[in-house]
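Participant: Could you have a look at this structure, given as structure tokens, before my questions?
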Amino acid sequence: MKTAIDLPEFYSNLDDAVAMPENFAGHFDVIRVEDLSLSNGKPARYSKRTYYKISLVTGHSKIHYADAIFEISGTTLLFTNPKMPYSWERISEEQTGYVCLFTDDFFKGFGNIAEYPVFKFPQNAVVSLDLETAKRYDGLFSQIRDELRSAYRFRYDFLRSMTMQLIHETQKKQTEEQTFHNNSNSHERIAEAFNDLLEAQFPIVVSSQQLKIYTPAVFAEKLNIHVNHLNKALKSATGKTTSESINRRIILESVNLLKNTSWTISEIAWCMGFEQPQHYSSFFKKVTCLSPKEFRKRQMD
């Protein structure tokens, strides 16, 4: 079963003049948005990738990411990771900008990319830019793209540094725009630990894989805090209760499995921690207003 879009598939959808570069240690490339082949009004397949992406796009679009939909105009930065499925729906005909994509191996020994908030949390991943900031980021992406194609012997180290600069500038900007106090910091640390524990169970890649932690009480036990404290912290940090956060992630993975596998509803229900398929179907319909069977049928129509 193919569970994610890989690099060869990504490059197969580009303009014929854009070739996949040879990798020496991991993969790194910067591509113009104008060279991407996407149809207006039709969202790209909602799926995981095998690589990270930092996109700088100017235009009117909808981003379907995690359990949210972001409608954007102007210039926007989007950070995506291999674990979280997403799609980018173009609304306006004119779309400009850059897409920087790379694998974990490219930054091996240089930084733990997966731990940065812009890649870890959906609320940090979509960043709207004003005109002045957009111009600065456009210049940085252009410089990275030019350096990638240069003959400088140490260009890959330089590329890592410039990409890190881009990431850290974004995170610093986000931090400076937020008001922190001790209690909220504590809540954010708990939310981060909860998210780590939740995401460690995904993606589901074989039908024999089952979620082991899927109730607020068990999460609280694993985090060594009272379930009420966990719920309060998540509500403060994310705006969602513990149950809402768990349920949304289960629905997100369910949608991916219903779309991209031929597994039975019973198999998917078991993977999601439901011993009775009918209980899973009721849960899915309560959240999506469709039964799993109805949802899958609509995807096929």
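Following the order of the structure tokens, chains are lettered A, B, ..., residues in each are numbered from 1, and ligands are numbered from 1.
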Please report as a Markdown table every residue of region 196-258 of chain A lying within 9 Å of region 72-92 of chain A, along with the nearest atom pair and their distance in Å (one decimal), using only C-alpha atoms.
Facilitator:
```
| residue | atom | partner | partner_atom | distance |
| --- | --- | --- | --- | --- |
| A:Glu199 | CA | A:Lys83 | CA | 8.3 |
| A:Phe202 | CA | A:Lys83 | CA | 7.4 |
| A:Pro203 | CA | A:Lys83 | CA | 6.6 |
| A:Leu252 | CA | A:Pro85 | CA | 8.4 |
| A:Glu253 | CA | A:Pro85 | CA | 8.8 |
| A:Asn256 | CA | A:Pro85 | CA | 7.8 |
```
Participant: Using the chain letters and numbers from this document, which residues of region 96-294 of chain A does DSSP assign to strand (DSSP E or B), as a list in words?
Facilitator: Thr96, Gly97, Tyr98, Val99, Cys100, Leu101, Phe102, Val126, Val127, Ser128 and Leu129 of chain A
Participant: Please give the complete set of residues from region 132-263 of chain A that DSSP, run on the backbone, assigns to helix (DSSP H, G or I), formatted as a VMD selection string.
Facilitator: chain A and resid 132 to 148 155 to 177 182 to 199 216 to 223 227 to 238 242 to 260
Participant: I need the chosen residues saved as a CSV table (one decimal), in the first residue's frame, with C-alpha atoms.
Facilitator:
```csv
chain,number,residue,atom,x,y,z
A,132,GLU,CA,7.5,44.3,3.7
A,133,THR,CA,8.0,40.9,5.3
A,134,ALA,CA,6.9,39.1,2.1
A,135,LYS,CA,9.5,41.0,0.1
A,136,ARG,CA,12.3,39.9,2.5
A,137,TYR,CA,11.2,36.3,2.4
A,138,ASP,CA,11.0,36.4,-1.4
A,139,GLY,CA,14.6,37.6,-1.5
A,140,LEU,CA,15.7,34.9,0.9
A,141,PHE,CA,14.0,32.1,-1.2
A,142,SER,CA,15.5,33.6,-4.3
A,143,GLN,CA,19.0,33.6,-2.7
A,144,ILE,CA,18.6,30.0,-1.6
A,145,ARG,CA,17.5,28.9,-5.1
A,146,ASP,CA,20.5,30.7,-6.7
A,147,GLU,CA,22.9,29.3,-4.2
A,148,LEU,CA,21.6,25.8,-4.9
A,155,ARG,CA,27.0,25.5,-0.8
A,156,TYR,CA,25.1,22.7,1.0
A,157,ASP,CA,26.3,23.9,4.4
A,158,PHE,CA,25.3,27.4,3.3
A,159,LEU,CA,21.9,26.2,2.2
A,160,ARG,CA,21.3,24.6,5.6
A,161,SER,CA,22.2,27.8,7.3
A,162,MET,CA,20.0,29.9,5.1
A,163,THR,CA,17.0,27.5,5.5
A,164,MET,CA,17.6,27.5,9.3
A,165,GLN,CA,17.6,31.3,9.2
A,166,LEU,CA,14.2,31.2,7.4
A,167,ILE,CA,12.8,28.8,10.0
A,168,HIS,CA,14.1,30.7,13.0
A,169,GLU,CA,13.1,34.1,11.7
A,170,THR,CA,9.5,32.8,11.4
A,171,GLN,CA,9.5,31.3,14.8
A,172,LYS,CA,11.0,34.4,16.4
A,173,LYS,CA,8.3,36.5,14.7
A,174,GLN,CA,5.6,34.3,16.1
A,175,THR,CA,7.1,34.3,19.6
A,176,GLU,CA,7.4,38.1,19.6
A,177,GLU,CA,3.7,38.4,18.6
A,182,ASN,CA,4.1,31.3,33.5
A,183,ASN,CA,0.8,29.5,33.5
A,184,SER,CA,0.4,29.6,29.7
A,185,ASN,CA,4.0,28.3,29.3
A,186,SER,CA,3.2,25.4,31.5
A,187,HIS,CA,0.0,24.7,29.5
A,188,GLU,CA,2.0,24.8,26.3
A,189,ARG,CA,4.5,22.3,27.6
A,190,ILE,CA,1.8,19.9,28.6
A,191,ALA,CA,0.1,20.4,25.2
A,192,GLU,CA,3.4,19.7,23.4
A,193,ALA,CA,4.0,16.5,25.5
A,194,PHE,CA,0.4,15.4,24.8
A,195,ASN,CA,0.8,16.0,21.0
A,196,ASP,CA,4.1,14.1,21.0
A,197,LEU,CA,2.4,11.1,22.7
A,198,LEU,CA,-0.6,11.3,20.3
A,199,GLU,CA,1.4,11.7,17.1
A,216,PRO,CA,-8.0,11.3,28.0
A,217,ALA,CA,-7.5,9.2,31.2
A,218,VAL,CA,-4.8,7.1,29.6
A,219,PHE,CA,-3.0,10.1,28.2
A,220,ALA,CA,-3.1,11.8,31.6
A,221,GLU,CA,-1.7,8.7,33.2
A,222,LYS,CA,1.1,8.5,30.7
A,223,LEU,CA,1.9,12.2,31.3
A,227,VAL,CA,-7.0,14.3,33.6
A,228,ASN,CA,-8.7,17.6,34.6
A,229,HIS,CA,-5.3,19.3,34.6
A,230,LEU,CA,-4.6,17.9,31.1
A,231,ASN,CA,-8.0,19.0,29.8
A,232,LYS,CA,-7.5,22.5,31.3
A,233,ALA,CA,-4.0,22.8,29.8
A,234,LEU,CA,-5.1,21.7,26.3
A,235,LYS,CA,-8.1,24.0,26.3
A,236,SER,CA,-5.8,26.9,27.3
A,237,ALA,CA,-3.1,26.1,24.7
A,238,THR,CA,-5.1,24.9,21.8
A,242,THR,CA,-8.5,16.5,25.3
A,243,SER,CA,-11.4,14.4,23.8
A,244,GLU,CA,-11.8,16.9,20.9
A,245,SER,CA,-8.0,16.7,20.1
A,246,ILE,CA,-8.0,12.9,20.2
A,247,ASN,CA,-11.1,12.6,18.1
A,248,ARG,CA,-10.0,15.0,15.5
A,249,ARG,CA,-6.7,13.1,15.0
A,250,ILE,CA,-8.6,9.8,14.8
A,251,ILE,CA,-10.9,11.3,12.2
A,252,LEU,CA,-8.0,12.7,10.3
A,253,GLU,CA,-6.3,9.3,10.1
A,254,SER,CA,-9.6,7.6,9.3
A,255,VAL,CA,-10.1,9.9,6.4
A,256,ASN,CA,-6.7,9.0,5.1
A,257,LEU,CA,-7.2,5.3,5.4
A,258,LEU,CA,-10.7,5.4,3.9
A,259,LYS,CA,-9.4,7.3,0.9
A,260,ASN,CA,-6.1,5.6,0.3
```
Participant: Between A:Ile213, A:Ile268, A:Ile31, A:Val99, which residue has the minimum interatomic distance to Leu56 (chain A), considering only C-alpha atoms?
Facilitator: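 Among A:Ile213, A:Ile268, A:Ile31, A:Val99, it is A:Val99 that comes nearest to Leu56 (chain A).
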Participant: So what do you get for CA of Phe70 (chain A) versus CA of Val30 (chain A), distance-wise?
Facilitator: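 That distance, rounded to one decimal, is 23.6 Å.
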Participant: What's the separation between CA of Met272 (chain A) and CA of Gln210 (chain A), in Å to one decimal place?
Facilitator: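 So the two atoms, CA of Met272 (chain A) and CA of Gln210 (chain A), lie 6.1 Å apart.
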Participant: Interatomic distance between CA of Thr58 (chain A) and CA of Leu101 (chain A)?
Facilitator: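 Separation between CA of Thr58 (chain A) and CA of Leu101 (chain A): 17.7 Å.
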Participant: Which is closer to Asp104 (chain A) than all the others in A:Gln209, A:Thr50, A:Gln201, A:Ser61, using only C-alpha atoms?
Facilitator: A:Thr50
Participant: Counting only C-alpha atoms, which residue out of A:Pro117, A:Pro122, A:Pro292, A:Gly111 sits closest to Ile63 (chain A)?
Facilitator: A:Pro122
Participant: Quick one: residues within 10 Å of Lys285 (chain A), only C-alpha atoms, excluding same-chain residues fewer than 6 positions away - as a ChimeraX atom specification?
Facilitator: /A:279,291-295
Participant: Do you know which residues are at most 8 Å from Pro277 (chain A) counting only C-alpha atoms, after dropping those on the same chain fewer than 6 positions away, and could you put them as a PyMOL selection string?
Facilitator: chain A and resi 265-266+269-270
